[in-house]
Amino acid sequence: MKLRIVVTALCFLMAAAPSFAAEKPIRVLYLTKSSGFEHSVIHREKGELGLSEKVMLDLAEKNNFALVVTKDAGMINEQQLKCFDVVQWYTTGDLCQPSKDGGAAMSEAGRDAFVKWVKDGGGFAGMHTAADTFQSGGKSIYEPYREIAGGVFLTHKNQEEAKLLVQKHPITSHLDPEWTILDEWYIFTDVTKTLKPLIVLDTKSMKQDEYKQRDPYPIAWLDEIGQGRVFCTAMGHREDVWTNPKFQELIVKGIKWAAKRLD
């Protein structure tokens, strides 16, 4: 309840900002509820924030983001969504169900409100596990979300250093055409036809046959859903990825693009 009061106050302060002020902060809600497997980068120990939450708070301070971090999926509702420009998710499972991480469940009305909010112009930033949300056994359990997330998580193999092929875009302007990095690489199914590749996994150069047998596929992408913008990356399993400056800048630019502050 206290956090929701803080968010309401944040909305009031943003609305009351004078017109002559510097560019208003991008208002971001970072949700890290896990109804399925909880990753180490979002795990909270003895009340201390997870690593990715700490990283995001640091990036927020440096990049004019007004950031709220939470495991309370109940904050995804019609009223609270009005307070934010971008909603960022590092989530797993059916968010309408309880979880062991202390995160309150999302209501079905909130789930529907989120989809409408994106279509009406909201920004979505999906981290690593976004496609592992609202799915079971490699099948979507909420089709409107699959259309936003870009596909459904199917499986992954052992972590491996892989070569990424970087597409030209303002979000990736800080990266070279090729980027080699160690992470856990997701494999997807039911991928949407509208997503635009941003970073492609060069599967043919990988060691494990499960990847080598697949065509290169996007590991970060963009989409436009109605009036809203979507930025997703399946990177971000490992702690050292979250502390990598290149990855951090990718996230910052992705959020700015989703907020329509970068074109």
# chains A, B, ... in the order shown; residues from 1 in each chain; ligands from 1
>>> residues_around(residues="Tyr217 in chain A", least_positions_apart="5", cutoff="8 Å", atoms="only C-alpha atoms", output="ChimeraX atom specification")
/A:200-203
>>> select_by_dssp(residues="range 135-194 of chain A", states="strand (DSSP E)", output="number ranges by chain")
A: 135-136, 139-140, 152-156, 160-166, 178-183, 186-189
>>> write_last_selection(atoms="C-alpha atoms", output="PDB file, in the first residue's frame")
ATOM      1  CA  GLN A 135       2.969 -19.232 -21.233  1.00  0.00           C
ATOM      2  CA  SER A 136       2.875 -22.882 -20.251  1.00  0.00           C
ATOM      3  CA  LYS A 139       2.178 -22.347 -25.538  1.00  0.00           C
ATOM      4  CA  SER A 140       0.697 -18.936 -24.869  1.00  0.00           C
ATOM      5  CA  VAL A 152       6.694 -17.639 -26.607  1.00  0.00           C
ATOM      6  CA  PHE A 153       9.666 -19.101 -24.719  1.00  0.00           C
ATOM      7  CA  LEU A 154      10.208 -22.746 -25.687  1.00  0.00           C
ATOM      8  CA  THR A 155      13.528 -23.811 -24.142  1.00  0.00           C
ATOM      9  CA  HIS A 156      17.207 -22.992 -23.739  1.00  0.00           C
ATOM     10  CA  GLU A 160      27.450 -20.203 -24.305  1.00  0.00           C
ATOM     11  CA  GLU A 161      29.519 -17.336 -25.670  1.00  0.00           C
ATOM     12  CA  ALA A 162      27.784 -16.400 -28.897  1.00  0.00           C
ATOM     13  CA  LYS A 163      28.204 -13.962 -31.761  1.00  0.00           C
ATOM     14  CA  LEU A 164      25.449 -11.406 -32.201  1.00  0.00           C
ATOM     15  CA  LEU A 165      24.759  -9.611 -35.470  1.00  0.00           C
ATOM     16  CA  VAL A 166      23.765  -6.034 -34.733  1.00  0.00           C
ATOM     17  CA  GLU A 178      29.241  -7.910 -34.318  1.00  0.00           C
ATOM     18  CA  TRP A 179      29.088  -8.423 -30.553  1.00  0.00           C
ATOM     19  CA  THR A 180      30.351 -11.529 -28.746  1.00  0.00           C
ATOM     20  CA  ILE A 181      29.008 -12.157 -25.260  1.00  0.00           C
ATOM     21  CA  LEU A 182      28.278 -15.023 -22.842  1.00  0.00           C
ATOM     22  CA  ASP A 183      24.650 -15.473 -21.796  1.00  0.00           C
ATOM     23  CA  TYR A 186      16.353 -18.561 -25.365  1.00  0.00           C
ATOM     24  CA  ILE A 187      14.674 -20.453 -28.191  1.00  0.00           C
ATOM     25  CA  PHE A 188      11.195 -19.248 -29.152  1.00  0.00           C
ATOM     26  CA  THR A 189       8.038 -20.516 -30.785  1.00  0.00           C
TER      27      THR A 189
END
>>> residues_around(residues="Phe37 in chain A", least_positions_apart="4", cutoff="10 Å", atoms="only C-alpha atoms", output="list in words")
Lys33, Thr91, Thr92, Gly93, Ser99, Lys100, Asp101, Thr129 and Asp132 of chain A
>>> write_last_selection(atoms="N, CA and C atoms", output="mmCIF file, in the first residue's frame")
data_model
loop_
_atom_site.group_PDB
_atom_site.id
_atom_site.type_symbol
_atom_site.label_atom_id
_atom_site.label_comp_id
_atom_site.auth_asym_id
_atom_site.auth_seq_id
_atom_site.Cartn_x
_atom_site.Cartn_y
_atom_site.Cartn_z
ATOM 1 N N LYS A 33 8.100 -9.658 -10.766
ATOM 2 C CA LYS A 33 7.383 -10.788 -10.161
ATOM 3 C C LYS A 33 7.653 -12.081 -10.940
ATOM 4 N N THR A 91 9.819 -10.974 -15.815
ATOM 5 C CA THR A 91 8.767 -11.758 -15.167
ATOM 6 C C THR A 91 8.700 -13.159 -15.759
ATOM 7 N N THR A 92 8.094 -14.080 -15.011
ATOM 8 C CA THR A 92 7.869 -15.430 -15.520
ATOM 9 C C THR A 92 6.501 -15.939 -15.086
ATOM 10 N N GLY A 93 5.960 -16.851 -15.899
ATOM 11 C CA GLY A 93 4.733 -17.541 -15.536
ATOM 12 C C GLY A 93 3.467 -16.714 -15.686
ATOM 13 N N SER A 99 2.950 -16.176 -6.173
ATOM 14 C CA SER A 99 4.346 -16.545 -6.370
ATOM 15 C C SER A 99 5.050 -16.597 -5.027
ATOM 16 N N LYS A 100 6.177 -17.282 -4.986
ATOM 17 C CA LYS A 100 6.925 -17.454 -3.749
ATOM 18 C C LYS A 100 7.823 -16.261 -3.429
ATOM 19 N N ASP A 101 7.938 -15.316 -4.381
ATOM 20 C CA ASP A 101 8.841 -14.185 -4.185
ATOM 21 C C ASP A 101 8.191 -13.014 -3.461
ATOM 22 N N THR A 129 13.175 -12.697 -19.688
ATOM 23 C CA THR A 129 12.112 -13.678 -19.507
ATOM 24 C C THR A 129 10.735 -13.213 -19.978
ATOM 25 N N ASP A 132 8.700 -15.688 -21.469
ATOM 26 C CA ASP A 132 8.404 -16.804 -20.561
ATOM 27 C C ASP A 132 7.273 -16.421 -19.605
#
>>> closest_residue(among="A:Glu48, A:Asp94, A:Glu78, A:Glu249", to="Leu175 in chain A", atoms="only C-alpha atoms")
A:Glu249
